[in-house]
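Take a look at the structure set out below.
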There are 2 protein chains.
Amino acid sequence: MGTVTKALSLLGFFTQTRPEIGLSDLTRLSGLNKATVYRLLSELQEGGMVEQAGSGRAYRLGPEVLRLAALREASVPILTVSRGALDRLSAATGETTHVSLVREDALITIAHAYGTRHATCVMMDDAEVISFHGTASGLAAMAFADPGAIDSILAEPLSPHTDFTLTDPTAIRAALDRVRLEGIAESVGGFETDVHSHAAPIFGPDGKPLGALAVAAPVSRMTAALREQIRSALRRAALELTRDIGGSCPPSYPAKVAA
Amino acid sequence: MGTVTKALSLLGFFTQTRPEIGLSDLTRLSGLNKATVYRLLSELQEGGMVEQAGSGRAYRLGPEVLRLAALREASVPILTVSRGALDRLSAATGETTHVSLVREDALITIAHAYGTRHATCVMMDDAEVISFHGTASGLAAMAFADPGAIDSILAEPLSPHTDFTLTDPTAIRAALDRVRLEGIAESVGGFETDVHSHAAPIFGPDGKPLGALAVAAPVSRMTAALREQIRSALRRAALELTRDIGGSCPPSYPAKVAA
DNA sequence: GTTGCTTGGTTCATTATTTGAACCATTGGT
DNA sequence: ACCAATGGTTCAAATAATGAACCAAGCAAC
């Protein structure tokens, strides 16, 4: 493992529930030597990627990440555009919606919106990491990826998130075929037991999937009518989002837009 | 220079005007060996910090930076809160406003807002890097920093941005004394020739300066009346912002809030 | 086509950086 | 006063980074 990879992996240990980490904790979490962790943190600190929380001496993510994000946003303004799409889609369906982006080996959620129609809804965090095989978003993105990319994802061991997660490569390939026909992926309890998710891919300028737009509803609330409503609103919203970010759908994407 | 620092420095070459960079360009920009740059980029790519732009093989910042920013925002929600403050302050003054955060050796602008009252205004980019000694924001933050931190900033060579930039440590210390008395820093043409800036520090929970809130007006529009209006609105807005992010002003900060 | 220049990417012996066990100095609990 | 943490530091030994040279591919001019 290269030094840079190690340093970046340290950043991965910061989460919503663990926003600050001390040197010893980080040493244990990473399994690296304390001196190593210390030196890596020092370099990350110098670069502004982490800082020492004002009060104690624990570390947290630094202001530089905001600068980088602003820059990324300037070249690929997907966040700004997504927020509008999410708000509209949540209003239309009454359910929680989110946008996730393809990373190397997983998807990451970058924005979400809640519906206001119901007393209960599926909760989300930004920055959540979600798998390709175990989520509707992942299946949606994977379905339209290069065959080679699909192969390498399915070659890895696929761990189940719940009792309903698809882990058999053959079953997943069958699911992907359906997604390619319908343009929408569906997962009932595949990531969280009580969540029924629909997702549609969003595409970049080259017609390759950038990520997915998804609607997550409680399993208990799903009916045939809501399902149809979600699928049609989602299909429309995903096409709009692809267009708004300057992307274009690949030929393999089903053209039929629900009326 | 450590490997991690080198890798992070590569990220620094991405700017608003140069959002995508090829391997050869980056090699020239950084002055490092091509193989080195390639390997560093590969590691950064694996970590999602950069990605290869869909079309060509040039590199740009990757989706991981968005995830990190969302996480940073979850622990220090300064961006969200700042945007509200900026909108109000721009509305009140009619001028461009921005929030900058203290980094190791400079400030970085993380958000801005424009006034709508005039046909002209000072233009800003997010993610701009601004010096401590040459800007109102920098002076505001420096004035309330630890004496040791001030010493080490002034120990570095101070390069002028314009003919009006303060570069003499003694003159800067005198300016800081005034800032400490008034709670507001002022710079006429110190960073950009035609810009008259006011800035007030914002503080973290420990009473240390986190950064500054600033108002930038064209020099040509500045009058005694506008100056007073800006100073009073800025003072109020900065106190509010400090409060909203859960910060508290240090004893050395002048308590007099303009009525 | 062929030439020549540039690009992204790769190799491998040399070299400099990273590593890790042990060691301080502080802090907080008992 | 003690013990067990914590953040931080040291230095020989081991490992990973380096850089000059090298490919293959793309492109423009001829």
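FYI, nothing fancy with the structure tokens labels: chains A, B, ... in order, residues from 1 per chain, ligands from 1 as they appear.
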Could I get chain A fitted onto chain B (least squares, all C-alpha atoms, in order) as a PDB file with C-alpha atoms, in the first residue's frame?
ATOM      1  CA  MET A   1       8.917  16.750   1.232  1.00  0.00           C
ATOM      2  CA  GLY A   2       6.879  13.690   2.196  1.00  0.00           C
ATOM      3  CA  THR A   3       5.002  11.669  -0.367  1.00  0.00           C
ATOM      4  CA  VAL A   4       1.617  12.631   1.008  1.00  0.00           C
ATOM      5  CA  THR A   5       2.472  16.318   0.909  1.00  0.00           C
ATOM      6  CA  LYS A   6       3.531  15.921  -2.707  1.00  0.00           C
ATOM      7  CA  ALA A   7       0.280  14.195  -3.562  1.00  0.00           C
ATOM      8  CA  LEU A   8      -1.751  16.899  -1.855  1.00  0.00           C
ATOM      9  CA  SER A   9       0.256  19.600  -3.560  1.00  0.00           C
ATOM     10  CA  LEU A  10      -0.888  18.177  -6.878  1.00  0.00           C
ATOM     11  CA  LEU A  11      -4.464  18.884  -5.864  1.00  0.00           C
ATOM     12  CA  GLY A  12      -3.454  22.498  -5.320  1.00  0.00           C
ATOM     13  CA  PHE A  13      -2.818  23.012  -9.023  1.00  0.00           C
ATOM     14  CA  PHE A  14      -6.475  22.650  -9.863  1.00  0.00           C
ATOM     15  CA  THR A  15      -8.158  26.055  -9.968  1.00  0.00           C
ATOM     16  CA  GLN A  16     -11.344  27.616 -11.284  1.00  0.00           C
ATOM     17  CA  THR A  17      -9.598  28.524 -14.522  1.00  0.00           C
ATOM     18  CA  ARG A  18      -7.709  25.248 -14.788  1.00  0.00           C
ATOM     19  CA  PRO A  19     -10.153  22.566 -13.659  1.00  0.00           C
ATOM     20  CA  GLU A  20      -8.615  19.788 -15.744  1.00  0.00           C
ATOM     21  CA  ILE A  21      -4.908  19.046 -16.074  1.00  0.00           C
ATOM     22  CA  GLY A  22      -3.091  16.470 -18.175  1.00  0.00           C
ATOM     23  CA  LEU A  23      -0.206  14.355 -16.913  1.00  0.00           C
ATOM     24  CA  SER A  24       2.473  16.302 -18.764  1.00  0.00           C
ATOM     25  CA  ASP A  25       1.113  19.672 -17.676  1.00  0.00           C
ATOM     26  CA  LEU A  26       0.951  18.561 -14.091  1.00  0.00           C
ATOM     27  CA  THR A  27       4.503  17.273 -14.335  1.00  0.00           C
ATOM     28  CA  ARG A  28       5.675  20.681 -15.513  1.00  0.00           C
ATOM     29  CA  LEU A  29       3.602  22.591 -12.963  1.00  0.00           C
ATOM     30  CA  SER A  30       4.800  20.533 -10.039  1.00  0.00           C
ATOM     31  CA  GLY A  31       8.384  20.134 -11.133  1.00  0.00           C
ATOM     32  CA  LEU A  32       8.251  16.474 -10.122  1.00  0.00           C
ATOM     33  CA  ASN A  33       9.203  13.499 -12.218  1.00  0.00           C
ATOM     34  CA  LYS A  34       6.572  12.284 -14.640  1.00  0.00           C
ATOM     35  CA  ALA A  35       6.572   8.769 -13.237  1.00  0.00           C
ATOM     36  CA  THR A  36       6.156  10.209  -9.755  1.00  0.00           C
ATOM     37  CA  VAL A  37       3.243  12.354 -10.784  1.00  0.00           C
ATOM     38  CA  TYR A  38       1.671   9.426 -12.548  1.00  0.00           C
ATOM     39  CA  ARG A  39       1.921   7.158  -9.542  1.00  0.00           C
ATOM     40  CA  LEU A  40       0.643   9.829  -7.180  1.00  0.00           C
ATOM     41  CA  LEU A  41      -2.279  10.522  -9.477  1.00  0.00           C
ATOM     42  CA  SER A  42      -3.018   6.804  -9.670  1.00  0.00           C
ATOM     43  CA  GLU A  43      -3.202   6.600  -5.907  1.00  0.00           C
ATOM     44  CA  LEU A  44      -5.300   9.734  -5.668  1.00  0.00           C
ATOM     45  CA  GLN A  45      -7.539   8.291  -8.335  1.00  0.00           C
ATOM     46  CA  GLU A  46      -7.930   5.055  -6.445  1.00  0.00           C
ATOM     47  CA  GLY A  47      -9.005   7.093  -3.448  1.00  0.00           C
ATOM     48  CA  GLY A  48     -11.484   9.035  -5.576  1.00  0.00           C
ATOM     49  CA  MET A  49      -9.752  12.366  -5.014  1.00  0.00           C
ATOM     50  CA  VAL A  50      -9.223  12.807  -8.739  1.00  0.00           C
ATOM     51  CA  GLU A  51     -10.770  11.175 -11.769  1.00  0.00           C
ATOM     52  CA  GLN A  52     -10.030  11.175 -15.452  1.00  0.00           C
ATOM     53  CA  ALA A  53     -12.403  13.477 -17.254  1.00  0.00           C
ATOM     54  CA  GLY A  54     -14.852  11.365 -19.233  1.00  0.00           C
ATOM     55  CA  SER A  55     -13.711  12.606 -22.626  1.00  0.00           C
ATOM     56  CA  GLY A  56      -9.937  12.909 -22.667  1.00  0.00           C
ATOM     57  CA  ARG A  57      -7.458  11.467 -20.260  1.00  0.00           C
ATOM     58  CA  ALA A  58      -6.901  14.688 -18.337  1.00  0.00           C
ATOM     59  CA  TYR A  59      -7.421  14.618 -14.595  1.00  0.00           C
ATOM     60  CA  ARG A  60      -9.841  16.620 -12.501  1.00  0.00           C
ATOM     61  CA  LEU A  61     -10.983  16.557  -8.895  1.00  0.00           C
ATOM     62  CA  GLY A  62     -13.056  13.493  -8.040  1.00  0.00           C
ATOM     63  CA  PRO A  63     -16.319  12.829  -6.225  1.00  0.00           C
ATOM     64  CA  GLU A  64     -14.596  11.848  -2.983  1.00  0.00           C
ATOM     65  CA  VAL A  65     -13.917  15.498  -2.206  1.00  0.00           C
ATOM     66  CA  LEU A  66     -17.660  16.071  -2.133  1.00  0.00           C
ATOM     67  CA  ARG A  67     -18.092  13.284   0.372  1.00  0.00           C
ATOM     68  CA  LEU A  68     -15.367  14.682   2.597  1.00  0.00           C
ATOM     69  CA  ALA A  69     -16.865  18.148   2.373  1.00  0.00           C
ATOM     70  CA  ALA A  70     -20.271  16.802   3.376  1.00  0.00           C
ATOM     71  CA  LEU A  71     -18.638  15.143   6.357  1.00  0.00           C
ATOM     72  CA  ARG A  72     -16.721  18.237   7.366  1.00  0.00           C
ATOM     73  CA  GLU A  73     -19.963  20.138   7.072  1.00  0.00           C
ATOM     74  CA  ALA A  74     -21.646  17.662   9.410  1.00  0.00           C
ATOM     75  CA  SER A  75     -19.108  18.291  12.153  1.00  0.00           C
ATOM     76  CA  VAL A  76     -18.527  21.989  11.505  1.00  0.00           C
ATOM     77  CA  PRO A  77     -21.615  23.301   9.735  1.00  0.00           C
ATOM     78  CA  ILE A  78     -20.031  26.616   8.956  1.00  0.00           C
ATOM     79  CA  LEU A  79     -20.824  26.588   5.255  1.00  0.00           C
ATOM     80  CA  THR A  80     -24.562  26.210   5.686  1.00  0.00           C
ATOM     81  CA  VAL A  81     -24.725  28.874   8.345  1.00  0.00           C
ATOM     82  CA  SER A  82     -22.439  31.218   6.443  1.00  0.00           C
ATOM     83  CA  ARG A  83     -24.617  31.281   3.395  1.00  0.00           C
ATOM     84  CA  GLY A  84     -27.496  32.743   5.378  1.00  0.00           C
ATOM     85  CA  ALA A  85     -25.232  35.366   6.928  1.00  0.00           C
ATOM     86  CA  LEU A  86     -23.781  36.285   3.537  1.00  0.00           C
ATOM     87  CA  ASP A  87     -27.160  36.717   1.932  1.00  0.00           C
ATOM     88  CA  ARG A  88     -28.320  39.018   4.699  1.00  0.00           C
ATOM     89  CA  LEU A  89     -25.120  41.021   4.748  1.00  0.00           C
ATOM     90  CA  SER A  90     -25.078  41.473   0.995  1.00  0.00           C
ATOM     91  CA  ALA A  91     -28.684  42.596   1.097  1.00  0.00           C
ATOM     92  CA  ALA A  92     -27.929  45.072   3.892  1.00  0.00           C
ATOM     93  CA  THR A  93     -24.858  46.610   2.285  1.00  0.00           C
ATOM     94  CA  GLY A  94     -25.594  46.110  -1.389  1.00  0.00           C
ATOM     95  CA  GLU A  95     -22.030  44.874  -1.841  1.00  0.00           C
ATOM     96  CA  THR A  96     -20.173  41.614  -2.389  1.00  0.00           C
ATOM     97  CA  THR A  97     -19.552  39.646   0.789  1.00  0.00           C
ATOM     98  CA  HIS A  98     -17.526  36.537   1.501  1.00  0.00           C
ATOM     99  CA  VAL A  99     -16.454  34.169   4.263  1.00  0.00           C
ATOM    100  CA  SER A 100     -12.886  32.901   4.456  1.00  0.00           C
ATOM    101  CA  LEU A 101     -11.408  30.262   6.724  1.00  0.00           C
ATOM    102  CA  VAL A 102      -8.007  30.085   8.370  1.00  0.00           C
ATOM    103  CA  ARG A 103      -5.811  27.428   6.878  1.00  0.00           C
ATOM    104  CA  GLU A 104      -2.248  26.716   7.889  1.00  0.00           C
ATOM    105  CA  ASP A 105      -0.562  29.642   6.230  1.00  0.00           C
ATOM    106  CA  ALA A 106      -3.321  31.462   4.394  1.00  0.00           C
ATOM    107  CA  LEU A 107      -7.071  31.908   4.244  1.00  0.00           C
ATOM    108  CA  ILE A 108      -9.388  30.246   1.802  1.00  0.00           C
ATOM    109  CA  THR A 109     -12.688  31.669   0.654  1.00  0.00           C
ATOM    110  CA  ILE A 110     -15.478  29.164   1.067  1.00  0.00           C
ATOM    111  CA  ALA A 111     -18.611  31.097   0.132  1.00  0.00           C
ATOM    112  CA  HIS A 112     -19.690  34.463  -1.184  1.00  0.00           C
ATOM    113  CA  ALA A 113     -22.776  36.477  -2.086  1.00  0.00           C
ATOM    114  CA  TYR A 114     -23.368  39.433  -4.353  1.00  0.00           C
ATOM    115  CA  GLY A 115     -25.378  42.562  -3.722  1.00  0.00           C
ATOM    116  CA  THR A 116     -28.110  43.296  -6.246  1.00  0.00           C
ATOM    117  CA  ARG A 117     -28.410  47.040  -5.749  1.00  0.00           C
ATOM    118  CA  HIS A 118     -25.731  48.143  -8.190  1.00  0.00           C
ATOM    119  CA  ALA A 119     -24.848  47.463 -11.778  1.00  0.00           C
ATOM    120  CA  THR A 120     -21.227  46.775 -10.800  1.00  0.00           C
ATOM    121  CA  CYS A 121     -19.825  44.749  -7.951  1.00  0.00           C
ATOM    122  CA  VAL A 122     -16.635  43.073  -6.866  1.00  0.00           C
ATOM    123  CA  MET A 123     -16.402  39.591  -8.332  1.00  0.00           C
ATOM    124  CA  MET A 124     -15.389  36.598  -6.233  1.00  0.00           C
ATOM    125  CA  ASP A 125     -14.629  32.942  -6.613  1.00  0.00           C
ATOM    126  CA  ASP A 126     -15.042  30.338  -3.963  1.00  0.00           C
ATOM    127  CA  ALA A 127     -11.882  28.409  -3.202  1.00  0.00           C
ATOM    128  CA  GLU A 128      -9.682  31.439  -3.668  1.00  0.00           C
ATOM    129  CA  VAL A 129      -6.564  31.462  -1.516  1.00  0.00           C
ATOM    130  CA  ILE A 130      -5.837  34.812   0.121  1.00  0.00           C
ATOM    131  CA  SER A 131      -2.887  35.903   2.241  1.00  0.00           C
ATOM    132  CA  PHE A 132      -2.924  36.925   5.885  1.00  0.00           C
ATOM    133  CA  HIS A 133      -0.979  40.135   5.489  1.00  0.00           C
ATOM    134  CA  GLY A 134      -2.494  41.447   2.275  1.00  0.00           C
ATOM    135  CA  THR A 135      -6.222  41.335   2.923  1.00  0.00           C
ATOM    136  CA  ALA A 136      -8.727  42.741   5.374  1.00  0.00           C
ATOM    137  CA  SER A 137      -9.917  39.192   6.141  1.00  0.00           C
ATOM    138  CA  GLY A 138      -6.382  38.095   6.887  1.00  0.00           C
ATOM    139  CA  LEU A 139      -5.707  41.030   9.186  1.00  0.00           C
ATOM    140  CA  ALA A 140      -9.001  40.496  10.989  1.00  0.00           C
ATOM    141  CA  ALA A 141      -8.192  36.857  11.697  1.00  0.00           C
ATOM    142  CA  MET A 142      -4.562  37.523  12.516  1.00  0.00           C
ATOM    143  CA  ALA A 143      -5.363  40.298  14.993  1.00  0.00           C
ATOM    144  CA  PHE A 144      -7.018  37.843  17.367  1.00  0.00           C
ATOM    145  CA  ALA A 145      -4.720  34.878  16.794  1.00  0.00           C
ATOM    146  CA  ASP A 146      -2.117  33.663  19.283  1.00  0.00           C
ATOM    147  CA  PRO A 147       0.923  35.955  19.453  1.00  0.00           C
ATOM    148  CA  GLY A 148       3.056  32.999  18.445  1.00  0.00           C
ATOM    149  CA  ALA A 149       1.008  32.440  15.306  1.00  0.00           C
ATOM    150  CA  ILE A 150       1.286  36.122  14.391  1.00  0.00           C
ATOM    151  CA  ASP A 151       5.035  35.983  14.839  1.00  0.00           C
ATOM    152  CA  SER A 152       5.424  32.993  12.578  1.00  0.00           C
ATOM    153  CA  ILE A 153       3.237  34.549   9.879  1.00  0.00           C
ATOM    154  CA  LEU A 154       5.225  37.773   9.954  1.00  0.00           C
ATOM    155  CA  ALA A 155       8.497  35.862   9.995  1.00  0.00           C
ATOM    156  CA  GLU A 156       7.819  34.571   6.485  1.00  0.00           C
ATOM    157  CA  PRO A 157       8.634  36.798   3.526  1.00  0.00           C
ATOM    158  CA  LEU A 158       5.564  38.930   2.757  1.00  0.00           C
ATOM    159  CA  SER A 159       5.002  39.503  -0.927  1.00  0.00           C
ATOM    160  CA  PRO A 160       2.921  42.487  -2.086  1.00  0.00           C
ATOM    161  CA  HIS A 161      -0.208  41.879  -4.211  1.00  0.00           C
ATOM    162  CA  THR A 162      -0.521  45.522  -5.277  1.00  0.00           C
ATOM    163  CA  ASP A 163       1.317  48.810  -4.677  1.00  0.00           C
ATOM    164  CA  PHE A 164      -0.837  49.290  -1.589  1.00  0.00           C
ATOM    165  CA  THR A 165      -0.168  45.979   0.157  1.00  0.00           C
ATOM    166  CA  LEU A 166       1.331  46.290   3.629  1.00  0.00           C
ATOM    167  CA  THR A 167       4.519  44.233   3.751  1.00  0.00           C
ATOM    168  CA  ASP A 168       6.476  45.811   6.603  1.00  0.00           C
ATOM    169  CA  PRO A 169       5.959  43.692   9.762  1.00  0.00           C
ATOM    170  CA  THR A 170       6.042  46.783  11.971  1.00  0.00           C
ATOM    171  CA  ALA A 171       3.354  48.505   9.914  1.00  0.00           C
ATOM    172  CA  ILE A 172       1.279  45.341   9.986  1.00  0.00           C
ATOM    173  CA  ARG A 173       1.552  45.058  13.755  1.00  0.00           C
ATOM    174  CA  ALA A 174       0.368  48.647  14.035  1.00  0.00           C
ATOM    175  CA  ALA A 175      -2.588  47.803  11.776  1.00  0.00           C
ATOM    176  CA  LEU A 176      -3.380  44.790  13.948  1.00  0.00           C
ATOM    177  CA  ASP A 177      -3.471  47.016  17.041  1.00  0.00           C
ATOM    178  CA  ARG A 178      -6.126  49.137  15.379  1.00  0.00           C
ATOM    179  CA  VAL A 179      -8.075  46.051  14.374  1.00  0.00           C
ATOM    180  CA  ARG A 180      -8.054  44.857  17.958  1.00  0.00           C
ATOM    181  CA  LEU A 181      -9.465  48.219  19.066  1.00  0.00           C
ATOM    182  CA  GLU A 182     -12.132  48.456  16.396  1.00  0.00           C
ATOM    183  CA  GLY A 183     -12.966  44.814  15.847  1.00  0.00           C
ATOM    184  CA  ILE A 184     -12.833  45.435  12.112  1.00  0.00           C
ATOM    185  CA  ALA A 185     -10.001  45.354   9.610  1.00  0.00           C
ATOM    186  CA  GLU A 186      -9.891  47.564   6.571  1.00  0.00           C
ATOM    187  CA  SER A 187      -7.853  47.336   3.404  1.00  0.00           C
ATOM    188  CA  VAL A 188      -7.957  49.776   0.523  1.00  0.00           C
ATOM    189  CA  GLY A 189      -6.508  48.187  -2.562  1.00  0.00           C
ATOM    190  CA  GLY A 190      -4.278  45.828  -0.622  1.00  0.00           C
ATOM    191  CA  PHE A 191      -5.276  42.712  -2.548  1.00  0.00           C
ATOM    192  CA  GLU A 192      -6.901  44.080  -5.690  1.00  0.00           C
ATOM    193  CA  THR A 193      -6.267  47.673  -6.610  1.00  0.00           C
ATOM    194  CA  ASP A 194      -9.883  48.762  -7.024  1.00  0.00           C
ATOM    195  CA  VAL A 195     -11.331  47.010  -4.008  1.00  0.00           C
ATOM    196  CA  HIS A 196     -12.055  48.532  -0.617  1.00  0.00           C
ATOM    197  CA  SER A 197     -12.540  45.709   1.897  1.00  0.00           C
ATOM    198  CA  HIS A 198     -13.797  45.531   5.444  1.00  0.00           C
ATOM    199  CA  ALA A 199     -13.560  42.316   7.457  1.00  0.00           C
ATOM    200  CA  ALA A 200     -14.497  41.117  10.913  1.00  0.00           C
ATOM    201  CA  PRO A 201     -13.211  37.934  12.547  1.00  0.00           C
ATOM    202  CA  ILE A 202     -15.435  34.991  13.351  1.00  0.00           C
ATOM    203  CA  PHE A 203     -14.568  32.796  16.302  1.00  0.00           C
ATOM    204  CA  GLY A 204     -14.796  29.130  17.199  1.00  0.00           C
ATOM    205  CA  PRO A 205     -16.003  27.605  20.465  1.00  0.00           C
ATOM    206  CA  ASP A 206     -12.556  28.142  21.974  1.00  0.00           C
ATOM    207  CA  GLY A 207     -12.512  31.852  21.213  1.00  0.00           C
ATOM    208  CA  LYS A 208      -9.845  31.450  18.556  1.00  0.00           C
ATOM    209  CA  PRO A 209     -10.414  33.006  15.125  1.00  0.00           C
ATOM    210  CA  LEU A 210     -11.824  30.552  12.603  1.00  0.00           C
ATOM    211  CA  GLY A 211     -11.740  32.990   9.730  1.00  0.00           C
ATOM    212  CA  ALA A 212     -13.392  36.229   8.716  1.00  0.00           C
ATOM    213  CA  LEU A 213     -16.522  37.697   7.236  1.00  0.00           C
ATOM    214  CA  ALA A 214     -15.809  40.443   4.730  1.00  0.00           C
ATOM    215  CA  VAL A 215     -17.480  43.083   2.597  1.00  0.00           C
ATOM    216  CA  ALA A 216     -15.748  44.108  -0.631  1.00  0.00           C
ATOM    217  CA  ALA A 217     -16.820  47.289  -2.398  1.00  0.00           C
ATOM    218  CA  PRO A 218     -15.370  49.115  -5.398  1.00  0.00           C
ATOM    219  CA  VAL A 219     -13.047  51.905  -4.230  1.00  0.00           C
ATOM    220  CA  SER A 220     -14.936  54.314  -6.443  1.00  0.00           C
ATOM    221  CA  ARG A 221     -18.188  53.767  -4.587  1.00  0.00           C
ATOM    222  CA  MET A 222     -16.881  54.196  -1.059  1.00  0.00           C
ATOM    223  CA  THR A 223     -18.164  57.178   0.906  1.00  0.00           C
ATOM    224  CA  ALA A 224     -18.107  57.985   4.597  1.00  0.00           C
ATOM    225  CA  ALA A 225     -21.787  57.078   4.817  1.00  0.00           C
ATOM    226  CA  LEU A 226     -21.381  53.718   3.075  1.00  0.00           C
ATOM    227  CA  ARG A 227     -18.335  53.015   5.202  1.00  0.00           C
ATOM    228  CA  GLU A 228     -20.306  53.495   8.389  1.00  0.00           C
ATOM    229  CA  GLN A 229     -23.177  51.429   7.068  1.00  0.00           C
ATOM    230  CA  ILE A 230     -20.864  48.582   6.119  1.00  0.00           C
ATOM    231  CA  ARG A 231     -18.976  48.653   9.417  1.00  0.00           C
ATOM    232  CA  SER A 232     -22.100  48.506  11.512  1.00  0.00           C
ATOM    233  CA  ALA A 233     -23.793  45.798   9.429  1.00  0.00           C
ATOM    234  CA  LEU A 234     -20.574  43.790   9.283  1.00  0.00           C
ATOM    235  CA  ARG A 235     -19.992  43.981  13.006  1.00  0.00           C
ATOM    236  CA  ARG A 236     -23.472  42.745  13.707  1.00  0.00           C
ATOM    237  CA  ALA A 237     -23.340  39.997  11.076  1.00  0.00           C
ATOM    238  CA  ALA A 238     -19.991  38.674  12.287  1.00  0.00           C
ATOM    239  CA  LEU A 239     -21.210  38.435  15.882  1.00  0.00           C
ATOM    240  CA  GLU A 240     -24.299  36.605  14.676  1.00  0.00           C
ATOM    241  CA  LEU A 241     -22.262  34.215  12.577  1.00  0.00           C
ATOM    242  CA  THR A 242     -19.917  33.469  15.472  1.00  0.00           C
ATOM    243  CA  ARG A 243     -22.929  32.735  17.628  1.00  0.00           C
ATOM    244  CA  ASP A 244     -24.642  30.598  14.967  1.00  0.00           C
ATOM    245  CA  ILE A 245     -21.668  28.303  14.575  1.00  0.00           C
ATOM    246  CA  GLY A 246     -21.466  27.882  18.324  1.00  0.00           C
ATOM    247  CA  GLY A 247     -18.428  30.085  18.741  1.00  0.00           C
ATOM    248  CA  SER A 248     -17.622  32.714  21.325  1.00  0.00           C
ATOM    249  CA  CYS A 249     -15.638  35.916  21.145  1.00  0.00           C
ATOM    250  CA  PRO A 250     -12.395  36.130  23.132  1.00  0.00           C
ATOM    251  CA  PRO A 251     -12.015  38.746  25.895  1.00  0.00           C
ATOM    252  CA  SER A 252      -9.751  40.788  23.632  1.00  0.00           C
ATOM    253  CA  TYR A 253     -12.569  41.374  21.172  1.00  0.00           C
ATOM    254  CA  PRO A 254     -14.118  44.838  21.643  1.00  0.00           C
ATOM    255  CA  ALA A 255     -17.593  44.405  23.095  1.00  0.00           C
ATOM    256  CA  LYS A 256     -19.138  47.617  21.831  1.00  0.00           C
ATOM    257  CA  VAL A 257     -21.732  46.639  19.275  1.00  0.00           C
ATOM    258  CA  ALA A 258     -22.709  49.577  17.117  1.00  0.00           C
ATOM    259  CA  ALA A 259     -26.292  50.534  17.868  1.00  0.00           C
TER     260      ALA A 259
END
Which residues in stretch 55-259 of chain B does DSSP call strand (DSSP E)? List them as a ChimeraX atom specification. /B:59-61,96-102,107-113,129-130,185-188,195-203,209-218
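Once C:DT26 and its same-chain neighbours fewer than 3 positions away are set aside, DA5, DT6, DG7 and DG8 of chain D remain within 12 Å of it when counting only C-alpha atoms (C1' of nucleotides).
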What residues in chain C have any atom no more than 10 Å from chain B when counting only C-alpha atoms (C1' of nucleotides), and can you write them as a list in words? DT6, DT7, DG8, DG9, DT10, DT17 and DT18 of chain C
Sort by chain and increasing residue number a table of all residues of chain D within 10 Å of stretch 11-15 of chain C, each with its closest pair of atoms and their distance in Å to one decimal, counting only C-alpha atoms (C1' of nucleotides), and write it as a tab-separated table.
residue	atom	partner	partner_atom	distance
D:DA17	C1'	C:DT15	C1'	8.6
D:DT18	C1'	C:DT15	C1'	7.4
D:DG19	C1'	C:DT14	C1'	9.5
D:DA21	C1'	C:DT11	C1'	8.8
D:DC22	C1'	C:DT11	C1'	7.8
D:DC23	C1'	C:DT11	C1'	9.9
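Note that the spacing between atom C1' of C:DA25 and atom C1' of D:DA13 amounts to 26.7 Å.
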Which residues come within 10 Å of D:DT10, counting only C-alpha atoms (C1' of nucleotides), excluding same-chain residues fewer than 6 positions away, as a list in words? DA22, DC23 and DC24 of chain C
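The residue set within 12 Å of D:DC2, counting only C-alpha atoms (C1' of nucleotides) and dropping same-chain residues fewer than 2 places from it, reads DG29 and DT30 of chain C; DA4 of chain D.
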DSSP helix (DSSP H, G or I) residues within stretch 76-213 of chain B, as a ChimeraX atom specification: /B:78-93,136-143,147-155,169-182
